[in-house]
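Dropping upload.csv in here (CSV, C-alpha atoms):
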```csv
chain,number,residue,atom,x,y,z
A,211,MET,CA,26.7,14.2,13.9
A,212,ASP,CA,26.6,13.0,10.2
A,213,ALA,CA,24.0,11.2,8.2
A,214,THR,CA,25.7,7.9,8.7
A,215,SER,CA,25.9,7.9,12.5
A,216,PRO,CA,23.4,5.8,14.5
A,217,PRO,CA,19.9,7.2,14.7
A,218,THR,CA,19.2,9.2,17.9
A,219,ALA,CA,16.1,9.0,20.0
A,220,VAL,CA,13.3,11.5,19.4
A,221,PRO,CA,11.0,13.0,22.0
A,222,ALA,CA,8.3,10.5,22.7
A,223,THR,CA,5.4,12.9,22.2
A,224,PRO,CA,2.2,11.0,21.2
A,225,PRO,CA,1.7,11.0,17.4
A,226,PRO,CA,-1.6,12.4,16.1
A,227,MET,CA,-2.8,8.9,15.3
A,228,ARG,CA,-6.5,9.6,14.9
A,229,ALA,CA,-5.9,12.1,12.0
A,230,LEU,CA,-3.3,9.9,10.5
A,231,VAL,CA,-5.4,6.7,10.7
A,232,PHE,CA,-8.4,8.5,9.2
A,233,ALA,CA,-6.3,9.9,6.3
A,234,ALA,CA,-4.8,6.5,5.6
A,235,LEU,CA,-8.2,4.8,5.7
A,236,THR,CA,-9.9,7.3,3.3
A,237,GLY,CA,-7.0,7.5,1.0
A,238,THR,CA,-6.8,3.7,0.6
A,239,MET,CA,-10.6,3.5,0.1
A,240,ALA,CA,-10.4,6.1,-2.7
A,241,MET,CA,-7.5,4.4,-4.4
A,242,MET,CA,-9.0,0.9,-4.2
A,243,ALA,CA,-12.5,2.1,-5.2
A,244,PHE,CA,-11.3,2.9,-8.7
A,245,VAL,CA,-9.9,-0.7,-9.1
A,246,ALA,CA,-13.4,-2.0,-8.3
A,247,VAL,CA,-15.2,0.1,-11.0
A,248,VAL,CA,-12.7,0.6,-13.8
A,249,GLY,CA,-13.6,-2.8,-15.4
A,250,PRO,CA,-17.4,-2.0,-15.6
A,251,ILE,CA,-16.6,1.5,-16.8
A,252,VAL,CA,-14.3,0.2,-19.6
A,253,ARG,CA,-17.0,-2.3,-20.7
A,254,ARG,CA,-19.8,0.3,-20.6
A,255,LEU,CA,-17.7,2.7,-22.8
A,256,ALA,CA,-16.9,-0.2,-25.2
A,257,LEU,CA,-13.1,0.4,-24.6
A,258,PRO,CA,-10.5,-2.4,-24.9
A,259,GLU,CA,-9.6,-4.2,-21.7
A,260,TRP,CA,-6.0,-3.1,-21.8
A,261,VAL,CA,-7.2,0.5,-21.0
A,262,ALA,CA,-8.1,-0.7,-17.5
A,263,GLY,CA,-4.7,-2.3,-17.0
A,264,LEU,CA,-2.9,0.8,-18.4
A,265,SER,CA,-4.8,3.2,-16.1
A,266,VAL,CA,-4.0,1.2,-13.0
A,267,THR,CA,-0.3,0.8,-14.1
A,268,ALA,CA,0.0,4.5,-14.8
A,269,GLY,CA,-1.2,5.4,-11.3
A,270,GLY,CA,1.2,2.8,-9.7
A,271,LEU,CA,4.1,4.0,-11.8
A,272,LEU,CA,3.7,7.6,-10.9
A,273,TRP,CA,3.3,6.6,-7.2
A,274,MET,CA,6.5,4.6,-7.3
A,275,LEU,CA,8.5,7.4,-9.0
A,276,LEU,CA,7.3,10.3,-6.8
A,277,ALA,CA,7.0,8.7,-3.3
A,278,ARG,CA,10.6,9.3,-2.4
A,279,TRP,CA,10.5,12.9,-3.7
A,280,TRP,CA,7.5,13.6,-1.6
A,281,GLY,CA,9.1,12.1,1.5
A,282,GLY,CA,12.1,14.4,1.0
A,283,VAL,CA,9.9,17.5,0.6
A,284,GLY,CA,8.3,16.5,4.0
A,285,ASP,CA,11.7,16.5,5.6
A,286,ARG,CA,12.5,20.0,4.3
A,287,ARG,CA,9.1,21.7,4.4
A,288,GLY,CA,7.2,19.9,7.1
A,289,ARG,CA,4.7,17.0,7.1
A,290,LYS,CA,1.4,18.9,7.3
A,291,PRO,CA,1.9,21.0,4.2
A,292,VAL,CA,2.9,18.0,2.1
A,293,LEU,CA,-0.2,16.1,3.3
A,294,LEU,CA,-2.5,19.1,2.5
A,295,ILE,CA,-1.0,19.5,-1.0
A,296,GLY,CA,-1.2,15.8,-1.7
A,297,PHE,CA,-4.8,15.4,-0.6
A,298,ALA,CA,-5.9,18.6,-2.3
A,299,ALA,CA,-4.4,17.7,-5.7
A,300,PHE,CA,-5.5,14.0,-5.2
A,301,ALA,CA,-9.1,15.3,-4.7
A,302,VAL,CA,-8.9,17.6,-7.8
A,303,ALA,CA,-7.7,14.8,-10.0
A,304,TYR,CA,-10.4,12.5,-8.8
A,305,TRP,CA,-13.1,15.0,-9.3
A,306,VAL,CA,-11.8,15.6,-12.9
A,307,LEU,CA,-12.0,11.9,-13.4
A,308,ALA,CA,-15.5,11.5,-12.0
A,309,VAL,CA,-17.0,14.4,-14.0
A,310,GLY,CA,-15.3,13.4,-17.2
A,311,ILE,CA,-16.4,9.7,-16.9
A,312,ASP,CA,-19.9,10.9,-16.0
A,313,LEU,CA,-19.9,12.9,-19.3
A,314,ALA,CA,-18.6,9.9,-21.2
A,315,LEU,CA,-21.2,7.6,-19.8
A,316,HIS,CA,-23.9,10.1,-20.9
A,317,GLN,CA,-22.2,10.2,-24.4
A,318,LYS,CA,-21.2,13.9,-24.0
A,319,ILE,CA,-17.5,13.1,-24.8
A,320,GLY,CA,-16.1,10.5,-27.1
A,321,GLY,CA,-14.3,7.2,-26.4
A,322,LEU,CA,-10.8,8.6,-27.2
A,323,ALA,CA,-11.2,11.4,-24.7
A,324,ALA,CA,-12.5,9.0,-22.1
A,325,LEU,CA,-9.5,6.8,-22.6
A,326,ALA,CA,-7.1,9.7,-22.2
A,327,LEU,CA,-9.1,10.8,-19.1
A,328,LEU,CA,-8.9,7.4,-17.5
A,329,VAL,CA,-5.2,7.0,-17.9
A,330,GLY,CA,-4.2,10.6,-17.4
A,331,ALA,CA,-6.4,11.3,-14.3
A,332,ARG,CA,-5.4,8.0,-12.7
A,333,ALA,CA,-1.7,8.8,-13.3
A,334,MET,CA,-2.2,12.2,-11.5
A,335,ILE,CA,-4.1,10.5,-8.7
A,336,GLY,CA,-1.2,8.2,-8.2
A,337,ALA,CA,1.3,11.0,-8.4
A,338,PHE,CA,-0.3,13.1,-5.6
A,339,TYR,CA,-1.5,10.2,-3.4
A,340,ALA,CA,2.2,9.2,-3.4
A,341,ALA,CA,2.7,12.0,-0.9
A,342,VAL,CA,0.4,10.5,1.7
A,343,PRO,CA,1.8,7.1,2.8
A,344,PRO,CA,5.5,8.1,3.3
A,345,THR,CA,4.5,11.4,5.0
A,346,ALA,CA,2.1,9.7,7.4
A,347,ALA,CA,4.8,7.1,8.2
A,348,ALA,CA,7.3,9.9,8.8
A,349,VAL,CA,4.9,11.7,11.2
A,350,VAL,CA,4.7,8.4,13.2
A,351,ALA,CA,8.5,8.2,13.2
A,352,ASP,CA,8.8,11.9,14.3
A,353,HIS,CA,6.7,11.2,17.4
A,354,THR,CA,7.7,7.7,18.6
A,355,LEU,CA,10.8,6.0,20.0
A,356,PRO,CA,12.2,3.1,18.1
A,357,ARG,CA,10.7,0.4,20.3
A,358,GLU,CA,7.2,2.0,19.9
A,359,ARG,CA,7.3,2.3,16.1
A,360,PRO,CA,6.1,-1.2,15.1
A,361,ALA,CA,2.9,-0.8,17.1
A,362,ALA,CA,2.2,2.7,15.7
A,363,MET,CA,3.0,1.6,12.1
A,364,ALA,CA,0.6,-1.3,12.6
A,365,LYS,CA,-2.2,1.1,13.4
A,366,LEU,CA,-1.6,2.8,10.0
A,367,GLY,CA,-1.4,-0.7,8.5
A,368,SER,CA,-4.8,-1.7,10.0
A,369,ALA,CA,-6.3,1.5,8.5
A,370,ASN,CA,-5.0,0.6,5.1
A,371,ALA,CA,-6.3,-2.9,5.4
A,372,MET,CA,-9.7,-1.7,6.3
A,373,GLY,CA,-9.6,0.6,3.3
A,374,LEU,CA,-8.6,-2.4,1.1
A,375,VAL,CA,-11.9,-4.1,2.2
A,376,LEU,CA,-14.3,-1.1,2.5
A,377,GLY,CA,-13.2,0.8,-0.7
A,378,PRO,CA,-14.0,-1.9,-3.3
A,379,ALA,CA,-17.1,-3.1,-1.3
A,380,ALA,CA,-18.6,0.3,-1.1
A,381,ALA,CA,-17.7,1.2,-4.7
A,382,GLY,CA,-19.1,-2.1,-6.0
A,383,TRP,CA,-22.4,-1.6,-4.2
A,384,LEU,CA,-22.7,2.0,-5.4
A,385,ALA,CA,-21.7,1.0,-9.0
A,386,GLY,CA,-24.6,-1.5,-9.0
A,387,HIS,CA,-26.9,1.5,-8.8
A,388,ASP,CA,-24.9,4.1,-10.7
A,389,LEU,CA,-21.3,4.0,-11.9
A,390,SER,CA,-21.0,7.8,-11.8
A,391,LEU,CA,-22.2,7.9,-8.2
A,392,ALA,CA,-19.4,5.4,-7.2
A,393,LEU,CA,-16.8,7.7,-8.7
A,394,TYR,CA,-18.3,10.8,-7.1
A,395,ALA,CA,-18.4,9.1,-3.7
A,396,ALA,CA,-14.7,8.1,-4.1
A,397,ALA,CA,-13.8,11.6,-5.1
A,398,ALA,CA,-15.4,13.0,-1.9
A,399,LEU,CA,-13.1,10.9,0.3
A,400,PRO,CA,-9.9,12.9,-0.2
A,401,VAL,CA,-11.8,16.1,0.4
A,402,ILE,CA,-12.9,14.8,3.8
A,403,ALA,CA,-9.4,13.6,4.5
A,404,LEU,CA,-8.1,17.1,3.6
A,405,ALA,CA,-10.4,18.7,6.1
A,406,VAL,CA,-9.4,16.3,8.9
A,407,VAL,CA,-5.7,16.9,8.2
A,408,TRP,CA,-6.2,20.7,8.0
A,409,PHE,CA,-8.1,20.9,11.4
A,410,TRP,CA,-6.6,18.1,13.5
A,411,LEU,CA,-3.1,17.4,12.4
A,412,PRO,CA,-0.6,19.6,14.3
A,413,GLY,CA,1.5,21.9,12.0
A,414,GLY,CA,5.1,22.9,12.1
A,415,LYS,CA,8.3,21.0,11.3
A,416,PRO,CA,9.7,18.8,14.2
A,417,ALA,CA,12.9,20.3,15.6
A,418,ALA,CA,14.5,16.9,15.3
A,419,ALA,CA,13.8,16.8,11.6
A,420,LYS,CA,16.2,19.7,10.8
A,421,ARG,CA,19.2,18.6,8.8
A,422,PRO,CA,22.4,19.1,10.7
A,423,PRO,CA,25.0,21.4,9.0
A,424,GLY,CA,27.1,19.5,6.5
A,425,ALA,CA,24.8,16.4,6.4
A,426,LYS,CA,24.4,15.0,3.0
A,427,PRO,CA,21.0,14.1,1.5
A,428,MET,CA,20.1,10.4,1.7
A,429,GLY,CA,21.2,8.5,-1.4
A,430,LEU,CA,18.7,6.5,-3.5
A,431,LEU,CA,20.5,3.2,-2.7
A,432,ASP,CA,21.4,4.1,0.9
A,433,ALA,CA,22.9,0.9,2.5
A,434,ARG,CA,20.9,1.4,5.7
A,435,LEU,CA,17.6,0.9,3.9
A,436,ARG,CA,18.5,-2.0,1.5
A,437,VAL,CA,17.1,-4.8,3.7
A,438,ALA,CA,13.9,-2.9,4.5
A,439,ALA,CA,13.4,-1.9,0.9
A,440,LEU,CA,14.0,-5.4,-0.3
A,441,THR,CA,11.5,-6.8,2.2
A,442,GLY,CA,9.0,-4.1,1.2
A,443,PHE,CA,9.5,-4.9,-2.5
A,444,ALA,CA,9.1,-8.7,-1.9
A,445,ALA,CA,6.0,-8.2,0.3
A,446,MET,CA,4.1,-5.8,-2.0
A,447,GLY,CA,5.0,-7.8,-5.1
A,448,SER,CA,3.6,-11.0,-3.4
A,449,VAL,CA,0.4,-9.2,-2.5
A,450,ALA,CA,0.0,-7.7,-6.0
A,451,ILE,CA,0.4,-11.1,-7.6
A,452,ALA,CA,-2.2,-12.6,-5.4
A,453,GLN,CA,-4.6,-9.7,-6.0
A,454,VAL,CA,-4.3,-9.8,-9.8
A,455,LEU,CA,-4.5,-13.6,-10.2
A,456,VAL,CA,-7.3,-14.5,-7.7
A,457,GLY,CA,-10.1,-14.0,-10.1
A,458,PHE,CA,-8.5,-15.9,-12.9
A,459,PHE,CA,-7.5,-18.7,-10.5
A,460,ALA,CA,-11.1,-19.0,-9.2
A,461,ILE,CA,-12.5,-19.3,-12.7
A,462,ASP,CA,-9.9,-21.7,-14.1
A,463,ARG,CA,-9.1,-24.0,-11.1
A,464,LEU,CA,-12.6,-24.1,-9.6
A,465,ALA,CA,-14.3,-24.2,-13.0
A,466,LEU,CA,-16.6,-21.3,-12.1
A,467,PRO,CA,-18.5,-19.0,-14.4
A,468,VAL,CA,-17.2,-15.4,-14.7
A,469,ASP,CA,-19.7,-13.8,-12.3
A,470,GLN,CA,-19.2,-16.5,-9.6
A,471,GLY,CA,-15.5,-16.3,-10.1
A,472,ALA,CA,-15.6,-12.5,-9.5
A,473,ARG,CA,-17.7,-13.1,-6.3
A,474,VAL,CA,-15.2,-15.6,-5.0
A,475,ALA,CA,-12.3,-13.2,-5.8
A,476,GLY,CA,-14.1,-10.5,-3.8
A,477,LEU,CA,-14.6,-12.9,-0.8
A,478,ALA,CA,-10.9,-13.8,-1.0
A,479,LEU,CA,-9.8,-10.2,-0.9
A,480,THR,CA,-12.2,-9.6,2.0
A,481,CYS,CA,-10.5,-12.4,3.9
A,482,VAL,CA,-7.2,-10.7,3.1
A,483,GLY,CA,-8.3,-7.5,4.6
A,484,CYS,CA,-9.7,-9.1,7.7
A,485,ALA,CA,-6.6,-11.2,8.3
A,486,LEU,CA,-4.4,-8.2,7.9
A,487,ILE,CA,-6.3,-6.3,10.5
A,488,VAL,CA,-6.1,-9.3,13.0
A,489,SER,CA,-2.4,-9.9,12.5
A,490,GLN,CA,-1.5,-6.2,12.8
A,491,GLN,CA,-3.4,-6.1,16.1
A,492,CYS,CA,-1.0,-8.8,17.3
A,493,VAL,CA,2.0,-6.6,16.4
A,494,MET,CA,0.4,-3.7,18.4
A,495,ARG,CA,-0.2,-6.0,21.4
A,496,PHE,CA,3.2,-7.7,21.6
A,497,LYS,CA,5.5,-4.7,21.5
A,498,THR,CA,8.7,-6.3,22.8
A,499,VAL,CA,9.1,-8.8,19.9
A,500,PRO,CA,12.2,-7.9,17.8
A,501,LEU,CA,11.4,-6.6,14.3
A,502,ALA,CA,13.4,-9.4,12.5
A,503,ARG,CA,11.5,-12.1,14.5
A,504,TRP,CA,8.2,-10.7,13.3
A,505,ILE,CA,9.4,-10.8,9.7
A,506,VAL,CA,10.7,-14.3,10.0
A,507,LEU,CA,7.4,-15.5,11.4
A,508,GLY,CA,5.3,-13.5,9.0
A,509,ALA,CA,7.3,-14.7,5.9
A,510,LEU,CA,7.1,-18.4,7.0
A,511,VAL,CA,3.3,-18.2,7.5
A,512,ALA,CA,2.7,-16.1,4.4
A,513,GLY,CA,4.9,-18.4,2.3
A,514,GLY,CA,2.9,-21.4,3.4
A,515,GLY,CA,-0.4,-19.7,2.7
A,516,PHE,CA,0.6,-18.7,-0.8
A,517,ALA,CA,2.3,-22.0,-1.7
A,518,SER,CA,-0.8,-23.9,-0.5
A,519,VAL,CA,-2.9,-22.1,-3.2
A,520,ALA,CA,-1.2,-24.4,-5.7
A,521,ALA,CA,-3.1,-27.4,-4.1
A,522,VAL,CA,-6.5,-25.6,-3.8
A,523,GLN,CA,-9.5,-27.6,-5.1
A,524,SER,CA,-12.4,-25.8,-3.5
A,525,GLN,CA,-13.7,-22.3,-2.6
A,526,GLY,CA,-13.2,-22.9,1.1
A,527,MET,CA,-9.5,-23.9,0.6
A,528,LEU,CA,-8.9,-20.8,-1.5
A,529,LEU,CA,-10.3,-18.5,1.1
A,530,ALA,CA,-8.4,-20.2,3.8
A,531,SER,CA,-5.1,-20.1,1.9
A,532,TYR,CA,-5.5,-16.4,1.2
A,533,GLY,CA,-6.4,-15.7,4.8
A,534,VAL,CA,-3.3,-17.5,6.1
A,535,ALA,CA,-1.1,-15.7,3.6
A,536,ALA,CA,-2.6,-12.3,4.5
A,537,PHE,CA,-2.1,-13.0,8.2
A,538,GLY,CA,1.6,-13.6,7.6
A,539,MET,CA,1.9,-10.4,5.5
A,540,GLY,CA,0.3,-8.4,8.2
A,541,LEU,CA,3.2,-9.4,10.5
A,542,ILE,CA,5.7,-8.2,7.9
A,543,PHE,CA,4.4,-4.8,6.8
A,544,PRO,CA,4.6,-2.6,9.9
A,545,ASN,CA,7.9,-4.1,10.9
A,546,PHE,CA,10.0,-3.4,7.8
A,547,GLN,CA,8.6,0.1,8.0
A,548,ALA,CA,9.7,0.5,11.5
A,549,MET,CA,13.1,-1.1,10.6
A,550,ALA,CA,13.7,1.7,8.0
A,551,ALA,CA,12.6,4.4,10.5
A,552,ASN,CA,15.0,3.0,13.2
A,553,ALA,CA,17.9,2.9,10.7
A,554,VAL,CA,18.0,6.6,9.9
A,555,GLN,CA,18.3,10.0,11.5
A,556,PRO,CA,15.3,12.1,12.4
A,557,HIS,CA,15.9,14.5,9.6
A,558,GLU,CA,15.8,11.6,7.1
A,559,GLN,CA,12.5,10.0,8.1
A,560,GLY,CA,10.5,11.4,5.1
A,561,ALA,CA,13.1,10.3,2.6
A,562,ALA,CA,13.4,6.8,4.2
A,563,ALA,CA,9.6,6.3,4.2
A,564,GLY,CA,9.5,7.5,0.6
A,565,THR,CA,12.2,5.0,-0.4
A,566,LEU,CA,10.2,2.2,1.1
A,567,SER,CA,7.0,3.4,-0.6
A,568,ALA,CA,8.8,3.5,-3.9
A,569,ALA,CA,10.1,-0.1,-3.3
A,570,GLN,CA,6.6,-1.2,-2.7
A,571,GLY,CA,5.4,0.6,-5.8
A,572,LEU,CA,8.0,-1.2,-7.8
A,573,GLY,CA,6.6,-4.5,-6.4
A,574,MET,CA,3.1,-3.4,-7.4
A,575,VAL,CA,4.2,-2.7,-11.0
A,576,LEU,CA,6.5,-5.7,-11.6
A,577,GLY,CA,4.6,-8.3,-9.5
A,578,PRO,CA,1.5,-8.5,-11.7
A,579,LEU,CA,3.6,-8.6,-14.9
A,580,VAL,CA,5.7,-11.5,-13.6
A,581,GLY,CA,2.7,-13.3,-12.1
A,582,THR,CA,0.5,-13.1,-15.2
A,583,LEU,CA,3.4,-14.4,-17.4
A,584,LEU,CA,4.0,-17.4,-15.1
A,585,TYR,CA,0.2,-18.0,-14.8
A,586,ARG,CA,0.1,-18.7,-18.6
A,587,VAL,CA,2.6,-21.5,-18.0
A,588,SER,CA,0.8,-22.9,-15.0
A,589,PRO,CA,-1.8,-21.4,-12.6
A,590,ALA,CA,0.1,-22.9,-9.7
A,591,MET,CA,3.5,-21.5,-10.7
A,592,PRO,CA,3.2,-17.9,-9.5
A,593,TYR,CA,1.9,-19.0,-6.1
A,594,LEU,CA,4.8,-21.4,-5.7
A,595,LEU,CA,7.3,-18.8,-6.7
A,596,VAL,CA,5.9,-16.3,-4.1
A,597,GLY,CA,5.9,-19.0,-1.4
A,598,VAL,CA,9.6,-19.9,-2.1
A,599,GLY,CA,10.5,-16.2,-2.3
A,600,LEU,CA,8.9,-15.5,1.1
A,601,TRP,CA,10.6,-18.6,2.7
A,602,ALA,CA,13.9,-17.3,1.4
A,603,LEU,CA,13.1,-13.9,3.0
A,604,ALA,CA,12.4,-15.8,6.3
A,605,LEU,CA,15.8,-17.6,6.1
A,606,PHE,CA,17.6,-14.3,5.3
A,607,SER,CA,15.9,-12.5,8.2
A,608,PHE,CA,16.6,-15.4,10.6
A,609,VAL,CA,20.3,-15.3,9.7
A,610,ARG,CA,20.5,-11.6,10.3
A,611,LEU,CA,18.7,-12.0,13.6
A,612,ARG,CA,21.1,-14.7,14.8
A,613,ARG,CA,24.1,-12.5,13.8
A,614,ALA,CA,22.6,-9.6,15.7
A,615,THR,CA,22.1,-11.6,18.9
A,616,THR,CA,25.6,-13.2,18.8
A,617,ALA,CA,27.4,-9.9,18.0
```
structure tokens encoding of this file:
Amino acid sequence: MDATSPPTAVPATPPPMRALVFAALTGTMAMMAFVAVVGPIVRRLALPEWVAGLSVTAGGLLWMLLARWWGGVGDRRGRKPVLLIGFAAFAVAYWVLAVGIDLALHQKIGGLAALALLVGARAMIGAFYAAVPPTAAAVVADHTLPRERPAAMAKLGSANAMGLVLGPAAAGWLAGHDLSLALYAAAALPVIALAVVWFWLPGGKPAAAKRPPGAKPMGLLDARLRVAALTGFAAMGSVAIAQVLVGFFAIDRLALPVDQGARVAGLALTCVGCALIVSQQCVMRFKTVPLARWIVLGALVAGGGFASVAAVQSQGMLLASYGVAAFGMGLIFPNFQAMAANAVQPHEQGAAAGTLSAAQGLGMVLGPLVGTLLYRVSPAMPYLLVGVGLWALALFSFVRLRRATTA
């Protein structure tokens, strides 16, 4: 067998979903908690606003660059060691950040040191957290048959969606009492995840994951993953644009003061998290629907939700548009992940999941840049672009589905 032959079935042993779901939940909460408090920290330390953007971008960039490498390490060395190393280093970097910012807030270190700490520590957090999503997805692929993967991936997706909601909410509440406390609480999360993985995730390398003699390593632009990677890039880029712009849109289009605009933005992101959870429950329940059909439906719904933001004139309309868009995105995410897992061999699952994570990271980096540039031209333009892009994805997926059914 070579690396280009059709993927074979793997033993359908139940994946350790409880440990994986908890790891995904706590990891996402910790990552998103920083986004919620970095603005107030920068203002309290009298640093320029670009420091907040640079720190978030640095973490996303390292995540994008290293995700595929971590996935390949998991293929060679086993999934559990990679998760343990990732969470351990993730926790250390977060604790360095929390202690350093605590010292800065108490004027024990200067502003330049705080700037370097925010950017450097966040970059390290992104570099080591990059090990978690692709490795968790590879564990699911190791223990499920192709027809079972969308539902299992949706469980991970629901955990990430809950982390998207709970992380910023908890951090924002704690930051209202003490900024340092919010960072320390976020830093404790990967420590807890590390303990759960250590005690409850089975060890060892799956027998099916051993590379056959003579098999070549997966290429960066492997043709089997192009469609899934393109879908992941488009999906994550769309979500990133919507996240970055919602606060500005609420302030500008709805003529709200800054504090009320921030509150509306928080409500919109809460709607996003809830809609993601609901839609991924649908994927888990209807297991016989083809992957491409889910993507067609999700892209149509999400494209309509994003495009409708251009016509928003009230807070209720904004929340509804974001909720509809998120519902559609929840139908897309677990299915392009399963699409990639089903396209490759068992010994390539980590590299495949890493490639998808890198594609999503690229969307997280480029999406906000393109969105903010277009927003300066017109607040409606980035949302219309996302809507049209997702409709094009729906058409592309529909054509591929028709070809597959008539072949």
Just want the 6 Å neighbourhood of segment 515-523 of chain A, counted on all atoms listed in the file, with same-chain residues fewer than 5 positions away dropped. Output as a list in words.
Leu528, Ser531, Val534, Ala535, Ala590, Tyr593, Leu594 and Gly597 of chain A
Do a neighbour search on Gly373 of chain A at 9 Å with all atoms listed in the file, toss out local chain neighbours closer than 4 positions, and write the hits as a list in words.
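Near neighbours after the sequence-gap exclusion: Ala234, Leu235, Thr236, Gly237, Thr238, Met239, Ala240, Met241, Met242, Ser368, Ala369, Gly377, Pro378 and Gly483 of chain A.
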Neighbour list for segment 559-573 of chain A as JSON, numbers by chain, cut-off 8 Å, all atoms listed in the file, skip fewer than 6 positions in-chain
{"A": [270, 271, 273, 274, 275, 276, 277, 278, 279, 280, 281, 282, 283, 284, 285, 343, 344, 345, 347, 348, 351, 352, 419, 428, 430, 435, 438, 439, 440, 442, 443, 444, 445, 446, 447, 448, 450, 547, 550, 551]}
Report, in Å with one decimal, the straight-line distance from atom CA of Pro500 of chain A to atom CA of Ala548 of chain A.
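Atom-to-atom, atom CA of Pro500 of chain A to atom CA of Ala548 of chain A, that is 10.8 Å.
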For Ala298 of chain A, list every protein, DNA or RNA residue within 12 Å, evaluated using only C-alpha atoms, and leave out those in the same chain fewer than 2 positions away; present the list as an MDAnalysis selection string.
chainID A and resid 237 291:296 300:305 334:335 338:339 341:342 397:408
So what do you get for atom CA of Pro356 of chain A versus atom CA of Phe537 of chain A, distance-wise?
23.7 Å
Among listed residues A:Leu529, A:Val482, A:Val252, A:Val245, nearest Ala380 of chain A (using all atoms listed in the file):
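Selected residue with least distance to Ala380 of chain A: A:Val245.
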Radius query 10 Å about (-7.3, -8.5, 9.0), atoms used: all atoms listed in the file, as a PyMOL selection string:
chain A and resi 367-368+371-372+375+480-491+533+536-537+540
From the list A:Leu264, A:Ala337, A:Ala246, A:Ile311, the nearest residue to Leu479 of chain A using all atoms listed in the file is A:Ala246
